[in-house]
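A.B. asks: For reference, this is query01.cif, and it has mmCIF, C-alpha atoms and all ligand atoms.
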```cif
data_work
loop_
_atom_site.label_atom_id
_atom_site.label_comp_id
_atom_site.auth_asym_id
_atom_site.auth_seq_id
_atom_site.Cartn_x
_atom_site.Cartn_y
_atom_site.Cartn_z
CA MET A 1 -5.63 17.80 8.61
CA VAL A 2 -4.40 14.95 6.42
CA ASN A 3 -4.51 15.37 2.68
CA ARG A 4 -6.42 12.31 1.43
CA SER A 5 -5.06 12.83 -2.07
CA LYS A 6 -1.73 11.72 -0.59
CA TYR A 7 -3.18 8.39 0.49
CA PRO A 8 -1.52 5.27 -0.98
CA ARG A 9 -2.91 3.47 -4.03
CA HIS A 10 -1.46 0.14 -2.97
CA VAL A 11 -1.07 -1.14 0.59
CA ALA A 12 0.59 -4.47 1.36
CA VAL A 13 0.19 -6.16 4.74
CA ILE A 14 2.23 -8.85 6.49
CA MET A 15 -0.41 -10.38 8.77
CA ASP A 16 1.83 -11.45 11.63
CA GLY A 17 1.36 -12.39 15.29
CA ASN A 18 -1.61 -14.80 15.11
CA GLY A 19 0.29 -17.48 17.00
CA ARG A 20 1.45 -15.17 19.80
CA TRP A 21 -2.03 -13.67 20.08
CA ALA A 22 -3.40 -17.17 20.72
CA GLN A 23 -0.58 -18.17 23.05
CA LYS A 24 -1.15 -15.09 25.19
CA ARG A 25 -4.74 -16.27 25.71
CA GLY A 26 -3.93 -19.94 26.25
CA LEU A 27 -5.56 -20.82 22.92
CA HIS A 28 -4.43 -22.99 20.02
CA ARG A 29 -2.50 -21.31 17.20
CA ILE A 30 -5.35 -22.07 14.81
CA GLN A 31 -7.65 -19.93 16.94
CA GLY A 32 -5.16 -17.10 16.42
CA HIS A 33 -5.36 -17.65 12.65
CA ARG A 34 -9.15 -17.69 12.86
CA ALA A 35 -9.07 -14.36 14.71
CA GLY A 36 -6.61 -13.21 12.03
CA VAL A 37 -9.20 -13.91 9.34
CA ALA A 38 -11.72 -11.76 11.21
CA ALA A 39 -9.18 -8.87 11.24
CA LEU A 40 -8.51 -9.45 7.56
CA LYS A 41 -12.22 -9.19 6.72
CA GLU A 42 -12.46 -5.89 8.57
CA ILE A 43 -9.43 -4.45 6.75
CA VAL A 44 -10.72 -5.62 3.34
CA LYS A 45 -14.10 -4.02 4.05
CA HIS A 46 -12.53 -0.79 5.25
CA SER A 47 -10.09 -0.61 2.31
CA ARG A 48 -12.97 -0.94 -0.12
CA LYS A 49 -14.99 1.69 1.78
CA ILE A 50 -12.23 4.29 1.55
CA GLY A 51 -11.59 3.55 -2.13
CA LEU A 52 -8.17 1.92 -1.88
CA GLU A 53 -7.19 0.56 -5.30
CA TYR A 54 -4.91 -2.33 -4.31
CA LEU A 55 -4.69 -4.31 -1.08
CA THR A 56 -2.18 -7.16 -0.89
CA LEU A 57 -2.08 -9.66 1.98
CA TYR A 58 0.65 -12.16 2.87
CA ALA A 59 -1.22 -15.33 3.84
CA PHE A 60 1.27 -18.18 3.35
CA SER A 61 4.95 -17.98 2.47
CA THR A 62 7.21 -20.50 0.73
CA GLU A 63 8.87 -20.86 4.15
CA ASN A 64 5.59 -21.62 5.99
CA TRP A 65 5.78 -25.26 4.79
CA LYS A 66 8.23 -25.74 7.68
CA ARG A 67 5.31 -25.45 10.13
CA PRO A 68 3.69 -28.55 11.68
CA GLU A 69 1.55 -30.47 9.22
CA MET A 70 -1.57 -29.90 11.33
CA GLU A 71 -1.12 -26.10 11.31
CA ILE A 72 -0.66 -26.09 7.52
CA LYS A 73 -3.80 -28.20 7.13
CA ASN A 74 -5.73 -25.84 9.40
CA LEU A 75 -4.52 -22.80 7.47
CA MET A 76 -5.60 -24.34 4.15
CA ASN A 77 -9.00 -25.19 5.67
CA LEU A 78 -9.37 -21.60 6.86
CA LEU A 79 -8.52 -20.35 3.40
CA MET A 80 -11.17 -22.66 1.91
CA GLU A 81 -13.71 -21.46 4.46
CA TYR A 82 -12.86 -17.84 3.67
CA LEU A 83 -13.23 -18.35 -0.08
CA LYS A 84 -16.55 -20.14 0.30
CA SER A 85 -18.05 -17.63 2.71
CA GLU A 86 -16.66 -14.45 1.13
CA LEU A 87 -16.96 -15.00 -2.61
CA GLU A 88 -20.42 -13.44 -2.77
CA GLU A 89 -19.18 -10.54 -0.63
CA LEU A 90 -16.25 -9.98 -3.00
CA LYS A 91 -18.62 -9.97 -5.97
CA THR A 92 -21.13 -7.61 -4.34
CA ASN A 93 -18.37 -5.20 -3.43
CA ASN A 94 -16.81 -5.28 -6.90
CA ILE A 95 -13.51 -6.68 -5.59
CA LYS A 96 -11.19 -8.56 -7.93
CA LEU A 97 -9.24 -11.39 -6.32
CA ARG A 98 -5.70 -12.09 -7.47
CA ILE A 99 -3.35 -14.78 -6.19
CA LEU A 100 0.39 -14.20 -5.93
CA GLY A 101 2.44 -17.38 -5.62
CA ASP A 102 2.68 -20.92 -6.91
CA ILE A 103 -0.61 -22.56 -6.04
CA SER A 104 0.20 -25.76 -7.93
CA ALA A 105 1.78 -27.04 -4.69
CA LEU A 106 -1.50 -26.68 -2.77
CA ARG A 107 -4.21 -29.28 -2.21
CA LYS A 108 -6.34 -29.81 -5.32
CA ASP A 109 -9.57 -28.63 -3.64
CA VAL A 110 -7.87 -25.42 -2.46
CA GLN A 111 -6.47 -24.79 -5.93
CA GLU A 112 -9.91 -25.26 -7.46
CA GLU A 113 -11.61 -22.95 -4.98
CA LEU A 114 -8.95 -20.27 -5.59
CA GLU A 115 -9.29 -20.58 -9.36
CA LYS A 116 -13.07 -20.34 -9.10
CA ALA A 117 -12.90 -17.19 -6.97
CA VAL A 118 -10.34 -15.59 -9.30
CA ALA A 119 -12.44 -16.44 -12.38
CA GLN A 120 -15.70 -15.19 -10.86
CA THR A 121 -14.22 -11.84 -9.81
CA ARG A 122 -12.05 -11.28 -12.91
CA GLU A 123 -14.21 -8.50 -14.36
CA ASN A 124 -14.53 -6.56 -11.08
CA ASP A 125 -12.84 -3.17 -11.09
CA GLY A 126 -13.54 -1.71 -7.64
CA MET A 127 -10.44 -2.90 -5.76
CA VAL A 128 -7.80 -5.53 -6.41
CA LEU A 129 -7.36 -7.84 -3.43
CA SER A 130 -4.18 -9.87 -3.88
CA VAL A 131 -3.49 -12.76 -1.56
CA ALA A 132 0.05 -14.12 -1.46
CA ILE A 133 -0.08 -17.89 -1.01
CA ASN A 134 2.96 -20.15 -1.27
CA TYR A 135 4.68 -16.91 -2.11
CA GLY A 136 8.33 -15.95 -1.65
CA GLY A 137 10.04 -12.87 -3.05
CA ARG A 138 13.25 -14.68 -4.01
CA ASP A 139 11.27 -17.52 -5.52
CA GLU A 140 9.27 -15.01 -7.58
CA ILE A 141 12.45 -13.34 -8.89
CA LEU A 142 13.98 -16.70 -9.89
CA ARG A 143 10.72 -17.66 -11.60
CA ALA A 144 10.88 -14.42 -13.58
CA VAL A 145 14.51 -15.06 -14.56
CA ARG A 146 13.61 -18.54 -15.76
CA GLY A 147 10.70 -17.16 -17.78
CA ILE A 148 12.88 -14.52 -19.42
CA VAL A 149 15.72 -16.93 -20.23
CA LYS A 150 13.20 -19.32 -21.78
CA ASP A 151 11.69 -16.54 -23.91
CA VAL A 152 15.15 -15.36 -25.02
CA CYS A 153 16.17 -18.93 -25.94
CA GLU A 154 12.96 -19.37 -27.93
CA GLY A 155 13.53 -16.06 -29.72
CA LYS A 156 10.46 -14.39 -28.12
CA ALA A 157 12.53 -11.73 -26.29
CA ARG A 158 15.87 -10.02 -26.82
CA VAL A 159 18.53 -9.50 -24.15
CA GLN A 160 18.68 -5.77 -24.92
CA ASP A 161 14.95 -5.44 -24.12
CA ILE A 162 15.40 -6.51 -20.48
CA ASP A 163 14.86 -3.39 -18.42
CA GLN A 164 12.92 -2.93 -15.16
CA GLU A 165 9.56 -2.53 -16.86
CA PHE A 166 10.12 -5.64 -18.94
CA PHE A 167 11.22 -7.64 -15.89
CA GLU A 168 8.07 -6.67 -13.98
CA ASN A 169 5.94 -8.38 -16.63
CA TYR A 170 7.31 -11.71 -15.42
CA LEU A 171 6.40 -11.17 -11.76
CA TYR A 172 3.16 -12.38 -10.13
CA THR A 173 2.25 -8.70 -9.71
CA SER A 174 2.46 -7.98 -13.42
CA GLY A 175 0.37 -4.93 -14.35
CA MET A 176 0.00 -3.72 -10.76
CA PRO A 177 1.66 -0.62 -9.29
CA ASN A 178 4.29 -1.31 -6.63
CA PRO A 179 3.10 -1.05 -3.00
CA ASP A 180 3.29 2.49 -1.64
CA LEU A 181 3.04 1.28 1.92
CA VAL A 182 3.89 -1.98 3.70
CA ILE A 183 2.27 -2.58 7.10
CA ARG A 184 3.73 -5.14 9.49
CA PRO A 185 2.14 -5.61 12.89
CA SER A 186 3.40 -7.84 15.78
CA GLY A 187 6.62 -6.02 16.61
CA GLU A 188 8.87 -7.73 14.04
CA LEU A 189 10.99 -5.31 12.02
CA ARG A 190 11.69 -7.24 8.85
CA VAL A 191 10.23 -7.87 5.39
CA SER A 192 10.39 -11.69 5.46
CA ASN A 193 10.79 -12.35 1.73
CA PHE A 194 7.64 -10.34 0.86
CA LEU A 195 7.52 -8.60 -2.53
CA LEU A 196 11.29 -8.04 -2.54
CA TRP A 197 11.43 -6.47 -5.99
CA GLN A 198 8.24 -4.45 -5.58
CA ILE A 199 8.97 -2.79 -2.21
CA ALA A 200 12.27 -1.19 -3.24
CA TYR A 201 10.82 2.29 -2.57
CA SER A 202 7.82 1.43 -0.39
CA GLU A 203 7.26 3.16 2.91
CA LEU A 204 7.33 0.77 5.87
CA TRP A 205 4.99 1.01 8.87
CA PHE A 206 5.34 -1.18 11.95
CA SER A 207 3.16 -1.76 15.00
CA ASP A 208 3.52 -3.88 18.14
CA CYS A 209 -0.08 -5.01 17.96
CA PHE A 210 -0.69 -8.65 16.94
CA TRP A 211 -2.59 -9.05 13.68
CA PRO A 212 -5.88 -10.31 15.23
CA ASP A 213 -6.05 -7.05 17.24
CA PHE A 214 -5.40 -4.87 14.20
CA THR A 215 -8.36 -2.58 13.53
CA ALA A 216 -9.63 -0.23 10.83
CA ASP A 217 -8.57 2.68 13.07
CA MET A 218 -4.99 1.42 13.13
CA PHE A 219 -5.10 0.99 9.37
CA GLU A 220 -6.26 4.62 9.08
CA LYS A 221 -3.41 5.69 11.37
CA ALA A 222 -0.92 3.95 9.06
CA LEU A 223 -2.44 5.72 6.03
CA ASP A 224 -2.34 9.09 7.81
CA ASP A 225 1.31 8.56 8.75
CA TYR A 226 2.05 7.59 5.16
CA ALA A 227 0.34 10.75 3.86
CA LYS A 228 2.72 12.88 5.94
CA ARG A 229 5.86 11.23 4.62
CA ASP A 230 8.07 12.76 1.99
CA ARG A 231 8.81 10.21 -0.74
CA ARG A 232 11.88 11.13 -2.73
CA TYR A 233 12.81 7.91 -4.59
CA GLY A 234 16.48 8.87 -4.27
CA GLY A 235 15.88 12.40 -5.56
CA VAL A 236 15.06 15.74 -3.86
CA ASN A 237 11.58 17.23 -3.45
CA SER A 238 12.15 20.63 -1.95
CA VAL A 239 14.55 23.47 -2.73
CA ASP A 240 16.41 24.52 0.47
C1 LIG B 1 1.44 -15.09 10.76
O1 LIG B 1 1.22 -15.33 12.14
C2 LIG B 1 0.28 -15.50 9.99
C3 LIG B 1 0.28 -16.50 9.08
C4 LIG B 1 1.46 -17.30 8.71
C5 LIG B 1 -0.95 -16.86 8.37
C6 LIG B 1 -1.85 -15.73 8.00
C7 LIG B 1 -3.08 -16.35 7.53
C8 LIG B 1 -4.34 -15.98 7.87
C9 LIG B 1 -4.68 -14.76 8.63
C10 LIG B 1 -5.49 -16.86 7.48
C11 LIG B 1 -5.59 -17.44 6.10
C12 LIG B 1 -5.65 -16.44 5.01
C13 LIG B 1 -6.75 -16.06 4.31
C14 LIG B 1 -6.57 -15.17 3.13
C15 LIG B 1 -8.11 -16.46 4.66
P1 LIG B 1 2.18 -16.34 12.88
O2 LIG B 1 1.52 -17.67 12.92
O3 LIG B 1 3.53 -16.33 12.24
O4 LIG B 1 2.23 -15.68 14.30
P2 LIG B 1 3.42 -15.79 15.33
O5 LIG B 1 4.61 -15.12 14.69
O6 LIG B 1 2.91 -15.03 16.49
O7 LIG B 1 3.64 -17.24 15.59
#
```
Please lay out the structure from this file as structure tokens.
Ligand code: FPP

C.D. replies:
Amino acid sequence: MVNRSKYPRHVAVIMDGNGRWAQKRGLHRIQGHRAGVAALKEIVKHSRKIGLEYLTLYAFSTENWKRPEMEIKNLMNLLMEYLKSELEELKTNNIKLRILGDISALRKDVQEELEKAVAQTRENDGMVLSVAINYGGRDEILRAVRGIVKDVCEGKARVQDIDQEFFENYLYTSGMPNPDLVIRPSGELRVSNFLLWQIAYSELWFSDCFWPDFTADMFEKALDDYAKRDRRYGGVNSVD
């Protein structure tokens, strides 16, 4: 019997394998991404149902700009579609939307739709759904360094105040707890520039299943596995 009190507060997911899922079926990559959105909706719904506090999804990385222009356009259109069709659902379910990443590089209409959804869900306190868009972990750390140097130069911060807690205030995830668990489907065993600072002590969970096939049951399995793990953060938990 799994102890639910040991469930994670914050789960981060690298939604990978949409392209291969489509390829396996002789479909276009965009159809894989569309199926990926359906999986995403199920996981968001399930996370809310079980009372998860923070769910963070990697939707578009700073490296994804290397993809063909048409795929990028299709992904942005899917994101727009998602925001338009799900905003009411997010509101009804008391979900607060947060964006991690530099959205100033996105199409104006996508930026506006994102800002609208963030503004209209700002007061919600049921679950925080963070979507990483044009996000890169190294990029985020450099952005934080620039922000701190600027504040020091302008006399708003002192060098001796820069500790881990202080640094975290300059990250996109400011104010959020670090992920307890990172889930990566699709058989790849890497973190791909996702939340590099924040996952220093996160538990990692991998699966061979492509993201569009990922179900609420698999999500539960990941949470159950997490609940059985012994997190020591470099220390010791038991006396032998
Ligand atoms: C990785 O699969 C997936 C992505 C780069 C995009 C994920 C985006 C979505 C599921 C849709 C848009 C997001 C929202 C929030 C509506 P891949 O293309 O790298 O798969 P592959 O490794 O098999 O090629």

A.B. asks: Between atom CA of A:Val236 and atom CA of A:Pro8, measure the distance and give it in Å to one decimal.

C.D. replies: 19.8 Å

A.B. asks: Could you pull the residues within 8 Å of stretch 136-153 of chain A, counting all atoms listed in the file, minus those fewer than 3 positions along the same chain, as a list in words?

C.D. replies: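 Here the answer would be Ser61, Thr62, Glu63, Gly101, Lys156, Ala157, Arg158, Val159, Phe167, Tyr170, Leu171, Tyr172, Asn193, Phe194, Leu195, Leu196 and Trp197 of chain A.
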
A.B. asks: Mind dumping the selected residues with C-alpha atoms as a compact mmCIF listing (two decimals), in the coordinates of the input?

C.D. replies:
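Written output follows (again-v4.txt):
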```txt
# COMPACT_ATOMS: atom_id res chain seq x y z
CA SER A 61 4.95 -17.98 2.47
CA THR A 62 7.21 -20.50 0.73
CA GLU A 63 8.87 -20.86 4.15
CA GLY A 101 2.44 -17.38 -5.62
CA LYS A 156 10.46 -14.39 -28.12
CA ALA A 157 12.53 -11.73 -26.29
CA ARG A 158 15.87 -10.02 -26.82
CA VAL A 159 18.53 -9.50 -24.15
CA PHE A 167 11.22 -7.64 -15.89
CA TYR A 170 7.31 -11.71 -15.42
CA LEU A 171 6.40 -11.17 -11.76
CA TYR A 172 3.16 -12.38 -10.13
CA ASN A 193 10.79 -12.35 1.73
CA PHE A 194 7.64 -10.34 0.86
CA LEU A 195 7.52 -8.60 -2.53
CA LEU A 196 11.29 -8.04 -2.54
CA TRP A 197 11.43 -6.47 -5.99
```

A.B. asks: Hey, can you check how far atom CA of A:Ser207 sits from atom CA of A:Ser186?

C.D. replies: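 Atom-to-atom, atom CA of A:Ser207 to atom CA of A:Ser186, that is 6.1 Å.
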
A.B. asks: Residues within 10 Å of ligand LIG 1 (chain B) should be enumerated using all atoms listed in the file and returned as a ChimeraX atom specification.

C.D. replies: /A:14-24,29-30,32-41,56-61,63-65,67,71-72,74-83,86,99,129-133,185-188,210-212

A.B. asks: Could you tell me how far atom CA of A:Arg98 lies from atom CA of A:Lys6, in Å and to one decimal?

C.D. replies: 25.1 Å

A.B. asks: Near A:Gly234, within 12 Å and counting all atoms listed in the file, which residues show up once chain neighbours fewer than 4 positions away are dropped, as a tab-separated table (two decimals) with C-alpha atoms, in the frame of the given file?

C.D. replies:
```tsv
chain	number	residue	atom	x	y	z
A	200	ALA	CA	12.27	-1.19	-3.24
A	201	TYR	CA	10.82	2.29	-2.57
A	230	ASP	CA	8.07	12.76	1.99
```

A.B. asks: Select, from A:Thr121, A:Arg184, A:Leu52, A:His46, the residue with the minimum atom-to-atom distance to A:Arg4, counting all atoms listed in the file.

C.D. replies: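 Looking only at the distances to A:Arg4, the closest residue turns out to be A:Leu52.
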
A.B. asks: For A:Met218, which residue out of A:Val182, A:Leu100, A:Ile43, A:Leu87 is the nearest one, using all atoms listed in the file?

C.D. replies: A:Ile43

A.B. asks: Taking (0.4, 2.5, 9.7) as a centre in this file's frame and 12 Å as the limit, can you find every polymer residue with an atom that close, using all atoms listed in the file, and give them as a short mmCIF file (atom, residue, chain, number, x, y, z; two decimals) with C-alpha atoms, keeping the file's coordinate frame?

C.D. replies:
```
data_model
loop_
_atom_site.label_atom_id
_atom_site.label_comp_id
_atom_site.auth_asym_id
_atom_site.auth_seq_id
_atom_site.Cartn_x
_atom_site.Cartn_y
_atom_site.Cartn_z
CA TYR A 7 -3.18 8.39 0.49
CA PRO A 8 -1.52 5.27 -0.98
CA VAL A 11 -1.07 -1.14 0.59
CA ALA A 12 0.59 -4.47 1.36
CA VAL A 13 0.19 -6.16 4.74
CA ILE A 14 2.23 -8.85 6.49
CA ASP A 180 3.29 2.49 -1.64
CA LEU A 181 3.04 1.28 1.92
CA VAL A 182 3.89 -1.98 3.70
CA ILE A 183 2.27 -2.58 7.10
CA ARG A 184 3.73 -5.14 9.49
CA PRO A 185 2.14 -5.61 12.89
CA GLU A 203 7.26 3.16 2.91
CA LEU A 204 7.33 0.77 5.87
CA TRP A 205 4.99 1.01 8.87
CA PHE A 206 5.34 -1.18 11.95
CA SER A 207 3.16 -1.76 15.00
CA ASP A 208 3.52 -3.88 18.14
CA CYS A 209 -0.08 -5.01 17.96
CA PHE A 214 -5.40 -4.87 14.20
CA THR A 215 -8.36 -2.58 13.53
CA ALA A 216 -9.63 -0.23 10.83
CA ASP A 217 -8.57 2.68 13.07
CA MET A 218 -4.99 1.42 13.13
CA PHE A 219 -5.10 0.99 9.37
CA GLU A 220 -6.26 4.62 9.08
CA LYS A 221 -3.41 5.69 11.37
CA ALA A 222 -0.92 3.95 9.06
CA LEU A 223 -2.44 5.72 6.03
CA ASP A 224 -2.34 9.09 7.81
CA ASP A 225 1.31 8.56 8.75
CA TYR A 226 2.05 7.59 5.16
CA ALA A 227 0.34 10.75 3.86
CA LYS A 228 2.72 12.88 5.94
CA ARG A 229 5.86 11.23 4.62
#
```

A.B. asks: Which residue, A:Arg107, A:Arg190, A:Lys91, A:Arg231, has the smallest gap to A:Asn124 when you use all atoms listed in the file?

C.D. replies: A:Lys91

A.B. asks: Since the input is missing atoms for stretch 217-228 of chain A, could you rebuild it with all heavy atoms and give the result as a PDB file, in the frame of the given file?

C.D. replies:
```pdb
ATOM      1  N   ASP A 217      -9.161   1.436  12.563  1.00  0.00           N
ATOM      2  CA  ASP A 217      -8.570   2.680  13.070  1.00  0.00           C
ATOM      3  C   ASP A 217      -7.051   2.670  12.953  1.00  0.00           C
ATOM      4  O   ASP A 217      -6.435   3.679  12.605  1.00  0.00           O
ATOM      5  CB  ASP A 217      -8.962   2.898  14.545  1.00  0.00           C
ATOM      6  CG  ASP A 217     -10.384   3.419  14.669  1.00  0.00           C
ATOM      7  OD1 ASP A 217     -10.960   3.808  13.629  1.00  0.00           O
ATOM      8  OD2 ASP A 217     -10.923   3.407  15.799  1.00  0.00           O
ATOM      9  N   MET A 218      -6.456   1.520  13.259  1.00  0.00           N
ATOM     10  CA  MET A 218      -4.990   1.420  13.130  1.00  0.00           C
ATOM     11  C   MET A 218      -4.570   1.518  11.670  1.00  0.00           C
ATOM     12  O   MET A 218      -3.550   2.114  11.340  1.00  0.00           O
ATOM     13  CB  MET A 218      -4.492   0.102  13.726  1.00  0.00           C
ATOM     14  CG  MET A 218      -4.584   0.045  15.225  1.00  0.00           C
ATOM     15  SD  MET A 218      -3.980  -1.561  15.796  1.00  0.00           S
ATOM     16  CE  MET A 218      -4.842  -1.628  17.348  1.00  0.00           C
ATOM     17  N   PHE A 219      -5.369   0.926  10.817  1.00  0.00           N
ATOM     18  CA  PHE A 219      -5.100   0.990   9.370  1.00  0.00           C
ATOM     19  C   PHE A 219      -5.128   2.460   8.918  1.00  0.00           C
ATOM     20  O   PHE A 219      -4.232   2.928   8.219  1.00  0.00           O
ATOM     21  CB  PHE A 219      -6.179   0.179   8.641  1.00  0.00           C
ATOM     22  CG  PHE A 219      -5.887  -0.070   7.190  1.00  0.00           C
ATOM     23  CD1 PHE A 219      -4.903  -0.968   6.807  1.00  0.00           C
ATOM     24  CD2 PHE A 219      -6.619   0.571   6.188  1.00  0.00           C
ATOM     25  CE1 PHE A 219      -4.642  -1.217   5.462  1.00  0.00           C
ATOM     26  CE2 PHE A 219      -6.366   0.333   4.852  1.00  0.00           C
ATOM     27  CZ  PHE A 219      -5.379  -0.569   4.486  1.00  0.00           C
ATOM     28  N   GLU A 220      -6.140   3.185   9.395  1.00  0.00           N
ATOM     29  CA  GLU A 220      -6.260   4.620   9.080  1.00  0.00           C
ATOM     30  C   GLU A 220      -5.045   5.390   9.585  1.00  0.00           C
ATOM     31  O   GLU A 220      -4.555   6.299   8.924  1.00  0.00           O
ATOM     32  CB  GLU A 220      -7.514   5.200   9.729  1.00  0.00           C
ATOM     33  CG  GLU A 220      -8.769   5.020   8.908  1.00  0.00           C
ATOM     34  CD  GLU A 220      -8.739   5.799   7.587  1.00  0.00           C
ATOM     35  OE1 GLU A 220      -8.228   6.932   7.545  1.00  0.00           O
ATOM     36  OE2 GLU A 220      -9.225   5.259   6.581  1.00  0.00           O
ATOM     37  N   LYS A 221      -4.572   5.017  10.781  1.00  0.00           N
ATOM     38  CA  LYS A 221      -3.410   5.690  11.370  1.00  0.00           C
ATOM     39  C   LYS A 221      -2.189   5.475  10.459  1.00  0.00           C
ATOM     40  O   LYS A 221      -1.418   6.405  10.194  1.00  0.00           O
ATOM     41  CB  LYS A 221      -3.159   5.108  12.784  1.00  0.00           C
ATOM     42  CG  LYS A 221      -1.873   5.514  13.447  1.00  0.00           C
ATOM     43  CD  LYS A 221      -2.005   6.874  14.138  1.00  0.00           C
ATOM     44  CE  LYS A 221      -0.781   7.246  14.950  1.00  0.00           C
ATOM     45  NZ  LYS A 221       0.324   7.808  14.195  1.00  0.00           N
ATOM     46  N   ALA A 222      -2.045   4.246   9.961  1.00  0.00           N
ATOM     47  CA  ALA A 222      -0.920   3.950   9.060  1.00  0.00           C
ATOM     48  C   ALA A 222      -1.024   4.800   7.785  1.00  0.00           C
ATOM     49  O   ALA A 222      -0.031   5.348   7.307  1.00  0.00           O
ATOM     50  CB  ALA A 222      -0.912   2.462   8.712  1.00  0.00           C
ATOM     51  N   LEU A 223      -2.240   4.931   7.263  1.00  0.00           N
ATOM     52  CA  LEU A 223      -2.440   5.720   6.030  1.00  0.00           C
ATOM     53  C   LEU A 223      -2.156   7.202   6.289  1.00  0.00           C
ATOM     54  O   LEU A 223      -1.558   7.895   5.461  1.00  0.00           O
ATOM     55  CB  LEU A 223      -3.870   5.558   5.494  1.00  0.00           C
ATOM     56  CG  LEU A 223      -4.343   4.152   5.151  1.00  0.00           C
ATOM     57  CD1 LEU A 223      -5.682   4.216   4.424  1.00  0.00           C
ATOM     58  CD2 LEU A 223      -3.346   3.404   4.291  1.00  0.00           C
ATOM     59  N   ASP A 224      -2.598   7.689   7.454  1.00  0.00           N
ATOM     60  CA  ASP A 224      -2.340   9.090   7.810  1.00  0.00           C
ATOM     61  C   ASP A 224      -0.841   9.342   7.949  1.00  0.00           C
ATOM     62  O   ASP A 224      -0.324  10.353   7.467  1.00  0.00           O
ATOM     63  CB  ASP A 224      -3.026   9.445   9.144  1.00  0.00           C
ATOM     64  CG  ASP A 224      -4.527   9.613   8.982  1.00  0.00           C
ATOM     65  OD1 ASP A 224      -4.992   9.631   7.822  1.00  0.00           O
ATOM     66  OD2 ASP A 224      -5.237   9.707   9.997  1.00  0.00           O
ATOM     67  N   ASP A 225      -0.145   8.416   8.604  1.00  0.00           N
ATOM     68  CA  ASP A 225       1.310   8.560   8.750  1.00  0.00           C
ATOM     69  C   ASP A 225       1.976   8.571   7.376  1.00  0.00           C
ATOM     70  O   ASP A 225       2.875   9.360   7.103  1.00  0.00           O
ATOM     71  CB  ASP A 225       1.896   7.431   9.603  1.00  0.00           C
ATOM     72  CG  ASP A 225       1.543   7.579  11.079  1.00  0.00           C
ATOM     73  OD1 ASP A 225       1.030   8.656  11.456  1.00  0.00           O
ATOM     74  OD2 ASP A 225       1.764   6.620  11.841  1.00  0.00           O
ATOM     75  N   TYR A 226       1.498   7.669   6.518  1.00  0.00           N
ATOM     76  CA  TYR A 226       2.050   7.590   5.160  1.00  0.00           C
ATOM     77  C   TYR A 226       1.866   8.940   4.435  1.00  0.00           C
ATOM     78  O   TYR A 226       2.784   9.438   3.786  1.00  0.00           O
ATOM     79  CB  TYR A 226       1.357   6.481   4.369  1.00  0.00           C
ATOM     80  CG  TYR A 226       1.672   6.528   2.896  1.00  0.00           C
ATOM     81  CD1 TYR A 226       2.800   5.911   2.382  1.00  0.00           C
ATOM     82  CD2 TYR A 226       0.854   7.258   2.013  1.00  0.00           C
ATOM     83  CE1 TYR A 226       3.114   5.993   1.035  1.00  0.00           C
ATOM     84  CE2 TYR A 226       1.160   7.342   0.672  1.00  0.00           C
ATOM     85  CZ  TYR A 226       2.290   6.712   0.186  1.00  0.00           C
ATOM     86  OH  TYR A 226       2.598   6.816  -1.141  1.00  0.00           O
ATOM     87  N   ALA A 227       0.662   9.506   4.581  1.00  0.00           N
ATOM     88  CA  ALA A 227       0.340  10.750   3.860  1.00  0.00           C
ATOM     89  C   ALA A 227       1.264  11.909   4.276  1.00  0.00           C
ATOM     90  O   ALA A 227       1.457  12.852   3.512  1.00  0.00           O
ATOM     91  CB  ALA A 227      -1.123  11.122   4.101  1.00  0.00           C
ATOM     92  N   LYS A 228       1.829  11.801   5.470  1.00  0.00           N
ATOM     93  CA  LYS A 228       2.720  12.880   5.940  1.00  0.00           C
ATOM     94  C   LYS A 228       4.166  12.665   5.515  1.00  0.00           C
ATOM     95  O   LYS A 228       5.007  13.520   5.731  1.00  0.00           O
ATOM     96  CB  LYS A 228       2.656  12.946   7.479  1.00  0.00           C
ATOM     97  CG  LYS A 228       1.334  13.460   8.017  1.00  0.00           C
ATOM     98  CD  LYS A 228       1.347  13.426   9.540  1.00  0.00           C
ATOM     99  CE  LYS A 228      -0.066  13.338  10.098  1.00  0.00           C
ATOM    100  NZ  LYS A 228      -0.152  12.460  11.272  1.00  0.00           N
TER     101      LYS A 228
END
```
